[in-house]
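J.: The following file, target.pdb, comprises PDB, C-alpha atoms:
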```
ATOM      1  CA  MET A   1       8.704  12.466  -0.733
ATOM      2  CA  GLN A   2       6.993  15.827  -0.664
ATOM      3  CA  LEU A   3       7.903  19.426  -1.355
ATOM      4  CA  GLY A   4       6.632  21.916   1.211
ATOM      5  CA  LYS A   5       3.648  24.098   0.357
ATOM      6  CA  GLY A   6       6.013  27.046   0.478
ATOM      7  CA  VAL A   7       7.474  26.019  -2.880
ATOM      8  CA  GLU A   8       4.096  26.383  -4.621
ATOM      9  CA  TRP A   9       3.262  29.607  -2.767
ATOM     10  CA  THR A  10       6.542  31.392  -3.290
ATOM     11  CA  THR A  11       6.821  30.434  -6.948
ATOM     12  CA  HIS A  12       3.414  31.993  -7.598
ATOM     13  CA  ILE A  13       4.355  34.996  -5.460
ATOM     14  CA  CYS A  14       7.514  35.594  -7.494
ATOM     15  CA  THR A  15       5.340  35.925 -10.616
ATOM     16  CA  ILE A  16       3.463  38.762  -8.867
ATOM     17  CA  LEU A  17       6.599  40.460  -7.530
ATOM     18  CA  ALA A  18       7.928  40.407 -11.104
ATOM     19  CA  LEU A  19       5.241  42.999 -11.998
ATOM     20  CA  LEU A  20       6.694  45.619  -9.649
ATOM     21  CA  ARG A  21       8.747  48.572 -10.837
ATOM     22  CA  GLU A  22      12.063  49.702  -9.356
ATOM     23  CA  GLY A  23      11.763  50.576  -5.665
ATOM     24  CA  GLN A  24       8.299  49.095  -5.256
ATOM     25  CA  GLY A  25       7.532  46.273  -2.836
ATOM     26  CA  LEU A  26       4.525  44.267  -1.695
ATOM     27  CA  SER A  27       3.977  43.339   1.944
ATOM     28  CA  VAL A  28       3.599  39.784   3.170
ATOM     29  CA  ASP A  29       0.016  40.635   4.166
ATOM     30  CA  ALA A  30      -0.790  41.776   0.638
ATOM     31  CA  LEU A  31       0.762  38.660  -0.888
ATOM     32  CA  ALA A  32      -1.036  36.432   1.621
ATOM     33  CA  GLU A  33      -4.309  38.127   0.718
ATOM     34  CA  PHE A  34      -3.640  37.721  -3.000
ATOM     35  CA  PHE A  35      -3.307  33.950  -2.748
ATOM     36  CA  GLU A  36      -5.411  33.374   0.409
ATOM     37  CA  VAL A  37      -2.540  31.755   2.285
ATOM     38  CA  PRO A  38      -1.639  32.195   5.994
ATOM     39  CA  SER A  39       0.420  35.342   6.480
ATOM     40  CA  ALA A  40       2.560  34.071   9.397
ATOM     41  CA  TYR A  41       3.724  30.940   7.568
ATOM     42  CA  LEU A  42       4.224  32.852   4.337
ATOM     43  CA  SER A  43       6.395  35.347   6.211
ATOM     44  CA  LYS A  44       8.868  32.547   7.055
ATOM     45  CA  GLN A  45       8.940  31.359   3.450
ATOM     46  CA  MET A  46       9.642  34.890   2.205
ATOM     47  CA  GLN A  47      12.549  35.152   4.642
ATOM     48  CA  LEU A  48      13.980  31.967   3.113
ATOM     49  CA  LEU A  49      13.720  33.547  -0.357
ATOM     50  CA  ARG A  50      15.415  36.674   0.970
ATOM     51  CA  ARG A  51      18.295  34.703   2.483
ATOM     52  CA  ALA A  52      18.766  32.972  -0.871
ATOM     53  CA  GLY A  53      18.986  36.327  -2.658
ATOM     54  CA  ILE A  54      15.807  35.772  -4.676
ATOM     55  CA  VAL A  55      13.848  38.635  -3.097
ATOM     56  CA  GLN A  56      14.953  41.725  -1.214
ATOM     57  CA  SER A  57      13.292  43.930   1.372
ATOM     58  CA  VAL A  58      11.974  47.358   0.427
ATOM     59  CA  ARG A  59      11.562  49.898   3.240
ATOM     60  CA  GLY A  60       9.108  52.711   3.810
ATOM     61  CA  LYS A  61       5.563  53.193   2.569
ATOM     62  CA  GLY A  62       4.688  50.466   0.152
ATOM     63  CA  GLY A  63       7.534  48.463   1.656
ATOM     64  CA  GLY A  64       7.728  44.744   1.619
ATOM     65  CA  TYR A  65       9.413  42.453  -0.830
ATOM     66  CA  ARG A  66      10.498  42.687  -4.434
ATOM     67  CA  LEU A  67      12.588  40.435  -6.654
ATOM     68  CA  ALA A  68      16.331  40.823  -6.097
ATOM     69  CA  ARG A  69      17.210  39.559  -9.570
ATOM     70  CA  SER A  70      15.870  39.544 -13.093
ATOM     71  CA  VAL A  71      13.161  37.001 -13.984
ATOM     72  CA  ASP A  72      15.700  35.483 -16.399
ATOM     73  CA  ASP A  73      18.011  34.855 -13.477
ATOM     74  CA  ILE A  74      15.602  33.076 -11.121
ATOM     75  CA  THR A  75      14.886  29.401 -11.759
ATOM     76  CA  LEU A  76      12.552  26.909 -10.139
ATOM     77  CA  LEU A  77      15.647  25.185  -8.776
ATOM     78  CA  ASP A  78      16.657  28.415  -7.017
ATOM     79  CA  ILE A  79      13.254  28.561  -5.327
ATOM     80  CA  VAL A  80      13.259  24.872  -4.323
ATOM     81  CA  ALA A  81      16.800  25.176  -2.919
ATOM     82  CA  ALA A  82      15.796  28.305  -0.976
ATOM     83  CA  ILE A  83      12.713  26.724   0.576
ATOM     84  CA  GLU A  84      13.807  23.099   0.976
ATOM     85  CA  GLY A  85      17.516  23.594   1.631
ATOM     86  CA  PRO A  86      20.466  21.955  -0.060
ATOM     87  CA  MET A  87      20.082  18.410   1.312
ATOM     88  CA  PRO A  88      19.449  15.647  -1.249
ATOM     89  CA  ALA A  89      16.158  13.717  -1.088
ATOM     90  CA  PHE A  90      18.044  10.428  -0.727
ATOM     91  CA  ARG A  91      20.296  10.537   2.311
ATOM     92  CA  CYS A  92      22.810   7.698   2.336
ATOM     93  CA  THR A  93      23.613   6.395   5.808
ATOM     94  CA  GLU A  94      26.229   3.931   4.471
ATOM     95  CA  ILE A  95      24.366   0.896   5.763
ATOM     96  CA  ARG A  96      26.593  -1.216   3.515
ATOM     97  CA  GLN A  97      29.179  -0.751   6.294
ATOM     98  CA  ASN A  98      26.769  -2.073   8.975
ATOM     99  CA  GLY A  99      26.256  -5.496  10.487
ATOM    100  CA  PRO A 100      28.028  -8.855  10.418
ATOM    101  CA  CYS A 101      29.018  -8.489   6.745
ATOM    102  CA  GLY A 102      29.593  -4.750   6.807
ATOM    103  CA  LEU A 103      31.884  -3.648   4.010
ATOM    104  CA  LYS A 104      35.033  -2.162   5.541
ATOM    105  CA  LEU A 105      35.691   1.401   4.512
ATOM    106  CA  LYS A 106      39.082   0.412   3.016
ATOM    107  CA  ASP A 107      37.275  -2.136   0.796
ATOM    108  CA  CYS A 108      34.730   0.358  -0.600
ATOM    109  CA  ASN A 109      35.963   0.849  -4.152
ATOM    110  CA  GLY A 110      33.622   3.734  -4.758
ATOM    111  CA  PRO A 111      30.570   5.518  -3.408
ATOM    112  CA  CYS A 112      27.619   3.243  -2.621
ATOM    113  CA  GLU A 113      26.022   2.273  -5.936
ATOM    114  CA  ILE A 114      22.544   2.810  -4.539
ATOM    115  CA  ALA A 115      23.345   6.311  -3.298
ATOM    116  CA  SER A 116      24.995   7.066  -6.660
ATOM    117  CA  ALA A 117      21.936   5.924  -8.620
ATOM    118  CA  PHE A 118      19.663   8.159  -6.564
ATOM    119  CA  ALA A 119      22.111  11.053  -6.859
ATOM    120  CA  ASP A 120      22.101  10.626 -10.659
ATOM    121  CA  ALA A 121      18.298  10.791 -10.717
ATOM    122  CA  GLU A 122      18.234  13.850  -8.469
ATOM    123  CA  LYS A 123      20.727  15.546 -10.752
ATOM    124  CA  VAL A 124      18.447  15.234 -13.799
ATOM    125  CA  TYR A 125      15.553  16.499 -11.644
ATOM    126  CA  ARG A 126      17.520  19.541 -10.517
ATOM    127  CA  ASP A 127      18.795  20.123 -14.062
ATOM    128  CA  ALA A 128      15.195  20.126 -15.323
ATOM    129  CA  LEU A 129      14.165  22.681 -12.690
ATOM    130  CA  ALA A 130      17.238  24.791 -13.472
ATOM    131  CA  THR A 131      16.083  25.207 -17.088
ATOM    132  CA  ARG A 132      12.754  26.755 -16.014
ATOM    133  CA  THR A 133      13.191  30.434 -15.324
ATOM    134  CA  LEU A 134      10.603  32.750 -13.860
ATOM    135  CA  ALA A 135      10.555  34.421 -17.280
ATOM    136  CA  THR A 136       9.354  31.249 -19.035
ATOM    137  CA  ILE A 137       6.863  30.531 -16.249
ATOM    138  CA  MET A 138       5.377  34.032 -16.673
ATOM    139  CA  GLN A 139       5.051  33.598 -20.428
ATOM    140  CA  GLU A 140       3.226  30.318 -19.882
ATOM    141  CA  ALA A 141       1.040  31.875 -17.172
ATOM    142  CA  ALA A 142      -0.041  34.579 -19.633
ATOM    143  CA  MET A 143      -0.933  31.905 -22.195
ATOM    144  CA  ASN A 144      -2.936  29.997 -19.579
ATOM    145  CA  SER A 145      -4.908  33.066 -18.566
ATOM    146  CA  THR A 146      -6.929  35.839 -20.264
ATOM    147  CA  PRO A 147      -6.003  39.469 -21.056
ATOM    148  CA  GLU A 148      -8.775  40.604 -18.685
ATOM    149  CA  HIS A 149      -7.226  38.571 -15.887
ATOM    150  CA  MET A 150      -3.810  40.130 -16.491
ATOM    151  CA  VAL A 151      -5.372  43.607 -16.266
ATOM    152  CA  GLN A 152      -7.184  42.612 -13.082
ATOM    153  CA  ILE A 153      -3.883  41.574 -11.487
ATOM    154  CA  ALA A 154      -2.131  44.771 -12.621
ATOM    155  CA  ASN A 155      -4.950  46.848 -11.136
ATOM    156  CA  TRP A 156      -4.831  44.968  -7.850
ATOM    157  CA  VAL A 157      -1.067  45.547  -7.591
ATOM    158  CA  SER A 158      -1.519  49.272  -8.335
ATOM    159  CA  GLU A 159      -4.194  49.600  -5.675
ATOM    160  CA  ARG A 160      -2.148  47.706  -3.106
ATOM    161  CA  LEU A 161       0.883  49.933  -3.746
ATOM    162  CA  LYS A 162      -1.203  53.005  -2.832
ATOM    163  CA  THR A 163      -2.174  51.667   0.617
TER     164      THR A 163
ATOM    165  CA  MET B   1      12.084  17.063   0.222
ATOM    166  CA  GLN B   2      13.264  13.779   1.673
ATOM    167  CA  LEU B   3      12.897  10.098   0.885
ATOM    168  CA  GLY B   4      12.186   7.882   3.893
ATOM    169  CA  LYS B   5      14.986   5.734   5.302
ATOM    170  CA  GLY B   6      12.985   2.714   4.160
ATOM    171  CA  VAL B   7      14.002   3.416   0.559
ATOM    172  CA  GLU B   8      17.700   3.003   1.384
ATOM    173  CA  TRP B   9      17.087  -0.006   3.628
ATOM    174  CA  THR B  10      14.809  -1.951   1.301
ATOM    175  CA  THR B  11      16.935  -1.309  -1.788
ATOM    176  CA  HIS B  12      19.943  -2.809  -0.002
ATOM    177  CA  ILE B  13      17.770  -5.638   1.309
ATOM    178  CA  CYS B  14      16.566  -6.511  -2.189
ATOM    179  CA  THR B  15      20.212  -7.051  -3.204
ATOM    180  CA  ILE B  16      20.492  -9.657  -0.412
ATOM    181  CA  LEU B  17      17.153 -11.320  -1.224
ATOM    182  CA  ALA B  18      18.391 -11.620  -4.806
ATOM    183  CA  LEU B  19      20.939 -14.203  -3.582
ATOM    184  CA  LEU B  20      18.247 -16.663  -2.454
ATOM    185  CA  ARG B  21      17.308 -19.769  -4.407
ATOM    186  CA  GLU B  22      13.753 -20.858  -5.246
ATOM    187  CA  GLY B  23      11.637 -21.409  -2.142
ATOM    188  CA  GLN B  24      14.115 -19.771   0.227
ATOM    189  CA  GLY B  25      13.274 -16.716   2.324
ATOM    190  CA  LEU B  26      14.952 -14.519   4.917
ATOM    191  CA  SER B  27      13.122 -13.273   7.997
ATOM    192  CA  VAL B  28      12.752  -9.616   8.873
ATOM    193  CA  ASP B  29      14.876 -10.268  11.977
ATOM    194  CA  ALA B  30      17.693 -11.682   9.860
ATOM    195  CA  LEU B  31      17.544  -8.764   7.433
ATOM    196  CA  ALA B  32      17.421  -6.268  10.307
ATOM    197  CA  GLU B  33      20.488  -7.959  11.816
ATOM    198  CA  PHE B  34      22.322  -7.895   8.497
ATOM    199  CA  PHE B  35      22.016  -4.130   8.151
ATOM    200  CA  GLU B  36      21.674  -3.195  11.861
ATOM    201  CA  VAL B  37      18.320  -1.510  11.339
ATOM    202  CA  PRO B  38      15.281  -1.668  13.680
ATOM    203  CA  SER B  39      13.262  -4.809  13.042
ATOM    204  CA  ALA B  40       9.814  -3.350  13.832
ATOM    205  CA  TYR B  41      10.151  -0.439  11.425
ATOM    206  CA  LEU B  42      11.751  -2.635   8.774
ATOM    207  CA  SER B  43       8.799  -5.016   9.047
ATOM    208  CA  LYS B  44       6.455  -2.236   7.909
ATOM    209  CA  GLN B  45       8.705  -1.379   4.982
ATOM    210  CA  MET B  46       8.834  -5.016   3.888
ATOM    211  CA  GLN B  47       5.032  -5.163   3.953
ATOM    212  CA  LEU B  48       4.990  -2.166   1.604
ATOM    213  CA  LEU B  49       7.327  -4.034  -0.776
ATOM    214  CA  ARG B  50       5.076  -7.082  -0.557
ATOM    215  CA  ARG B  51       1.947  -5.077  -1.367
ATOM    216  CA  ALA B  52       3.752  -3.670  -4.397
ATOM    217  CA  GLY B  53       4.597  -7.175  -5.632
ATOM    218  CA  ILE B  54       8.358  -6.694  -5.231
ATOM    219  CA  VAL B  55       8.788  -9.348  -2.525
ATOM    220  CA  GLN B  56       6.640 -12.295  -1.490
ATOM    221  CA  SER B  57       6.215 -14.208   1.737
ATOM    222  CA  VAL B  58       7.731 -17.666   2.151
ATOM    223  CA  ARG B  59       6.206 -19.927   4.803
ATOM    224  CA  GLY B  60       7.678 -22.604   7.034
ATOM    225  CA  LYS B  61      11.192 -23.054   8.344
ATOM    226  CA  GLY B  62      13.483 -20.525   6.804
ATOM    227  CA  GLY B  63      10.385 -18.524   5.972
ATOM    228  CA  GLY B  64      10.383 -14.816   5.492
ATOM    229  CA  TYR B  65      10.678 -12.801   2.339
ATOM    230  CA  ARG B  66      12.107 -13.409  -1.091
ATOM    231  CA  LEU B  67      11.949 -11.402  -4.312
ATOM    232  CA  ALA B  68       8.696 -11.860  -6.204
ATOM    233  CA  ARG B  69      10.242 -10.941  -9.553
ATOM    234  CA  SER B  70      13.500 -11.190 -11.434
ATOM    235  CA  VAL B  71      16.230  -8.651 -10.637
ATOM    236  CA  ASP B  72      15.838  -7.444 -14.234
ATOM    237  CA  ASP B  73      12.225  -6.646 -13.483
ATOM    238  CA  ILE B  74      12.667  -4.568 -10.301
ATOM    239  CA  THR B  75      13.739  -0.956 -10.660
ATOM    240  CA  LEU B  76      14.610   1.749  -8.162
ATOM    241  CA  LEU B  77      11.398   3.466  -9.215
ATOM    242  CA  ASP B  78       9.403   0.381  -8.201
ATOM    243  CA  ILE B  79      10.979   0.507  -4.745
ATOM    244  CA  VAL B  80      10.446   4.255  -4.308
ATOM    245  CA  ALA B  81       6.813   3.966  -5.423
ATOM    246  CA  ALA B  82       6.270   1.057  -3.016
ATOM    247  CA  ILE B  83       7.745   2.857  -0.013
ATOM    248  CA  GLU B  84       6.743   6.459  -0.714
ATOM    249  CA  GLY B  85       3.436   5.916  -2.486
ATOM    250  CA  PRO B  86       2.271   7.309  -5.805
ATOM    251  CA  MET B  87       1.816  10.963  -4.814
ATOM    252  CA  PRO B  88       3.985  13.516  -6.639
ATOM    253  CA  ALA B  89       6.496  15.551  -4.611
ATOM    254  CA  PHE B  90       4.910  18.803  -5.828
ATOM    255  CA  ARG B  91       1.237  18.892  -4.898
ATOM    256  CA  CYS B  92      -0.628  21.647  -6.689
ATOM    257  CA  THR B  93      -3.388  23.232  -4.634
ATOM    258  CA  GLU B  94      -4.499  25.466  -7.521
ATOM    259  CA  ILE B  95      -3.767  28.671  -5.618
ATOM    260  CA  ARG B  96      -4.023  30.497  -8.946
ATOM    261  CA  GLN B  97      -7.804  30.223  -8.386
ATOM    262  CA  ASN B  98      -7.565  31.829  -4.922
ATOM    263  CA  GLY B  99      -8.032  35.394  -3.724
ATOM    264  CA  PRO B 100      -9.257  38.688  -5.195
ATOM    265  CA  CYS B 101      -7.724  37.959  -8.631
ATOM    266  CA  GLY B 102      -8.326  34.210  -8.615
ATOM    267  CA  LEU B 103      -8.384  32.798 -12.129
ATOM    268  CA  LYS B 104     -11.836  31.371 -12.800
ATOM    269  CA  LEU B 105     -11.802  27.708 -13.702
ATOM    270  CA  LYS B 106     -13.437  28.446 -17.064
ATOM    271  CA  ASP B 107     -10.580  30.838 -17.872
ATOM    272  CA  CYS B 108      -7.811  28.304 -17.132
ATOM    273  CA  ASN B 109      -6.526  27.479 -20.602
ATOM    274  CA  GLY B 110      -4.425  24.606 -19.323
ATOM    275  CA  PRO B 111      -2.962  23.056 -16.205
ATOM    276  CA  CYS B 112      -1.102  25.494 -13.948
ATOM    277  CA  GLU B 113       2.266  26.217 -15.582
ATOM    278  CA  ILE B 114       4.062  25.923 -12.263
ATOM    279  CA  ALA B 115       2.553  22.516 -11.497
ATOM    280  CA  SER B 116       3.369  21.415 -15.063
ATOM    281  CA  ALA B 117       7.005  22.471 -14.760
ATOM    282  CA  PHE B 118       7.415  20.500 -11.531
ATOM    283  CA  ALA B 119       5.610  17.513 -13.050
ATOM    284  CA  ASP B 120       8.022  17.600 -16.017
ATOM    285  CA  ALA B 121      11.011  17.550 -13.660
ATOM    286  CA  GLU B 122       9.545  14.717 -11.614
ATOM    287  CA  LYS B 123       9.007  12.731 -14.798
ATOM    288  CA  VAL B 124      12.697  12.846 -15.732
ATOM    289  CA  TYR B 125      13.551  11.875 -12.136
ATOM    290  CA  ARG B 126      11.227   8.884 -12.246
ATOM    291  CA  ASP B 127      12.446   7.938 -15.723
ATOM    292  CA  ALA B 128      16.039   7.938 -14.432
ATOM    293  CA  LEU B 129      15.101   5.666 -11.512
ATOM    294  CA  ALA B 130      13.145   3.406 -13.872
ATOM    295  CA  THR B 131      16.288   2.705 -15.904
ATOM    296  CA  ARG B 132      18.159   1.378 -12.846
ATOM    297  CA  THR B 133      17.260  -2.256 -12.271
ATOM    298  CA  LEU B 134      18.285  -4.338  -9.296
ATOM    299  CA  ALA B 135      20.419  -6.309 -11.767
ATOM    300  CA  THR B 136      22.544  -3.263 -12.630
ATOM    301  CA  ILE B 137      22.756  -2.227  -8.972
ATOM    302  CA  MET B 138      24.061  -5.685  -8.049
ATOM    303  CA  GLN B 139      26.708  -5.592 -10.774
ATOM    304  CA  GLU B 140      27.852  -2.208  -9.496
ATOM    305  CA  ALA B 141      27.811  -3.456  -5.891
ATOM    306  CA  ALA B 142      30.117  -6.327  -6.869
ATOM    307  CA  MET B 143      32.503  -3.858  -8.512
ATOM    308  CA  ASN B 144      32.467  -1.670  -5.394
ATOM    309  CA  SER B 145      33.280  -4.582  -3.115
ATOM    310  CA  THR B 146      35.823  -7.425  -2.914
ATOM    311  CA  PRO B 147      35.487 -11.139  -3.803
ATOM    312  CA  GLU B 148      36.088 -11.968  -0.121
ATOM    313  CA  HIS B 149      33.176  -9.754   0.884
ATOM    314  CA  MET B 150      30.859 -11.470  -1.614
ATOM    315  CA  VAL B 151      31.834 -14.862  -0.145
ATOM    316  CA  GLN B 152      31.269 -13.534   3.368
ATOM    317  CA  ILE B 153      27.742 -12.466   2.430
ATOM    318  CA  ALA B 154      26.987 -15.799   0.727
ATOM    319  CA  ASN B 155      28.171 -17.651   3.839
ATOM    320  CA  TRP B 156      26.070 -15.490   6.126
ATOM    321  CA  VAL B 157      22.975 -16.153   4.008
ATOM    322  CA  SER B 158      23.659 -19.927   4.044
ATOM    323  CA  GLU B 159      24.052 -19.944   7.824
ATOM    324  CA  ARG B 160      20.906 -17.881   8.349
ATOM    325  CA  LEU B 161      18.870 -20.232   6.132
ATOM    326  CA  LYS B 162      19.816 -23.153   8.427
ATOM    327  CA  THR B 163      18.461 -21.498  11.598
TER     328      THR B 163
END
```
Would you encode the structure as structure tokens?
T.:
Amino acid sequence: MQLGKGVEWTTHICTILALLREGQGLSVDALAEFFEVPSAYLSKQMQLLRRAGIVQSVRGKGGGYRLARSVDDITLLDIVAAIEGPMPAFRCTEIRQNGPCGLKLKDCNGPCEIASAFADAEKVYRDALATRTLATIMQEAAMNSTPEHMVQIANWVSERLKT
Amino acid sequence: MQLGKGVEWTTHICTILALLREGQGLSVDALAEFFEVPSAYLSKQMQLLRRAGIVQSVRGKGGGYRLARSVDDITLLDIVAAIEGPMPAFRCTEIRQNGPCGLKLKDCNGPCEIASAFADAEKVYRDALATRTLATIMQEAAMNSTPEHMVQIANWVSERLKT
């Protein structure tokens, strides 16, 4: 079971897009440069975020992407769902209905207990991710870093917006 | 993010192996027949369960696999860890240290906040799976089924042990 790299990349990228002011955007090339990740692959991940309404396109000079919602209104679950899609990690194929002793559908008194147990576990996982907003992640990022580093990032963003 | 089919298959198979008495075992072919799953692929999954100490080999006539531990001592987490391995779903590549504003290692005041948030969510997921033993799954399976179906399974196992 593995989350795609795009989840790590785009979560970090959202923390950078959160620094932009109204109307500003950063290009995929700039974001790829910032994190040293491949621009072509990142471009596809950013399109997934856009389709999910997490980022929006900005046109013209300095165009690119910006957040489409407030940092209080974007959770890690939103990002995972955008990148990985809505399918559960455990995909029940109803094998209890297979074979010489297959349980007939009319005799199934409820959903498969194994599928239900995995669904319960995935629910607490998703609930945990849904409590982590981009706002809390950014507060923690600031605590994990230094003031000088925050200034360095702000300066880089300013410079990139001029080009 | 997706769990391999082997997780579904082997969890169901463990509920069948739980019906065996001391010294009895069911072959991979029998188990594959029971659930109509491919024998060759199932064989690899059963070896993963064996390496994890969830099942053990039984030699001789009627040989095959049986549970290596009590149904109270096998959880869904044990099965997932056996089949999927110990790696977390979110794999941090420390991209915060990349690029023109990369955070220097000496300035990292803690683990990456994004990796930590995903690790927290995975912990509650694993904890939820760790509370579901094979014993509870089997009780729920009995409730989801019919007495006639339980007898049918018991008869199938008896017949298969004779061949």
J.: Mind listing as number ranges by chain which residues of chain A are within 8 Å of chain B, counting all atoms listed in the file?
T.: A: 1-5, 8-9, 11-12, 33-36, 84, 88-92, 95-96, 98-103, 107-114, 117-118, 120-122, 124-126, 128-129, 132, 137, 140-141, 143-146, 149, 152-153, 156
J.: Please compute the CA of Val28 (chain B)-CA of Tyr41 (chain B) distance, one decimal, in Å.
T.: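 Those two atoms sit 9.9 Å apart.
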J.: When the PyMOL selection byres ((chain B and resi 70) around 10) is applied to the file above, which residues end up in the set, as a list in words?
T.: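 Selected by the PyMOL selection byres ((chain B and resi 70) around 10) here: Ala18, Ile54, Leu67, Ala68, Arg69, Val71, Asp72, Asp73, Ile74, Thr133, Leu134 and Ala135 of chain B.
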J.: Which residue out of A:Thr10, A:Val58, A:Gly53, A:Met46 has the minimum interatomic distance to Glu22 (chain A) when only C-alpha atoms are used?
T.: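 The shortest atom-to-atom distance to Glu22 (chain A) comes from A:Val58.
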J.: What is the CA of Glu159 (chain B)-CA of Asp78 (chain B) distance in Å, reported with one decimal?
T.: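 Calculated distance between CA of Glu159 (chain B) and CA of Asp78 (chain B) is 29.7 Å.
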J.: In Å, with one decimal, what is the gap from CA of Arg160 (chain B) to CA of Ala40 (chain B)?
T.: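 Computing the Euclidean distance for CA of Arg160 (chain B) and CA of Ala40 (chain B) yields 19.1 Å.
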J.: What's the 6 Å shell around Gly64 (chain B), counting all atoms listed in the file, without same-chain residues fewer than 2 positions away, as JSON, numbers by chain?
T.: {"B": [25, 26, 27, 57, 58]}
J.: With a distance cut-off of 6 Å and all atoms listed in the file, select the neighbouring residues of Arg66 (chain A), excluding the residue or stretch itself and same-chain residues fewer than 5 positions from it, and output the selection as a VMD selection string.
T.: chain A and resid 17 25 55 to 56
J.: Write the residues of the preceding selection, restricted to C-alpha atoms, as a PDB file, in the frame of the given file.
T.:
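Wrote it out as out_36.pdb, contents follow:
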```pdb
ATOM      1  CA  LEU A  17       6.599  40.460  -7.530  1.00  0.00           C
ATOM      2  CA  GLY A  25       7.532  46.273  -2.836  1.00  0.00           C
ATOM      3  CA  VAL A  55      13.848  38.635  -3.097  1.00  0.00           C
ATOM      4  CA  GLN A  56      14.953  41.725  -1.214  1.00  0.00           C
TER       5      GLN A  56
END
```
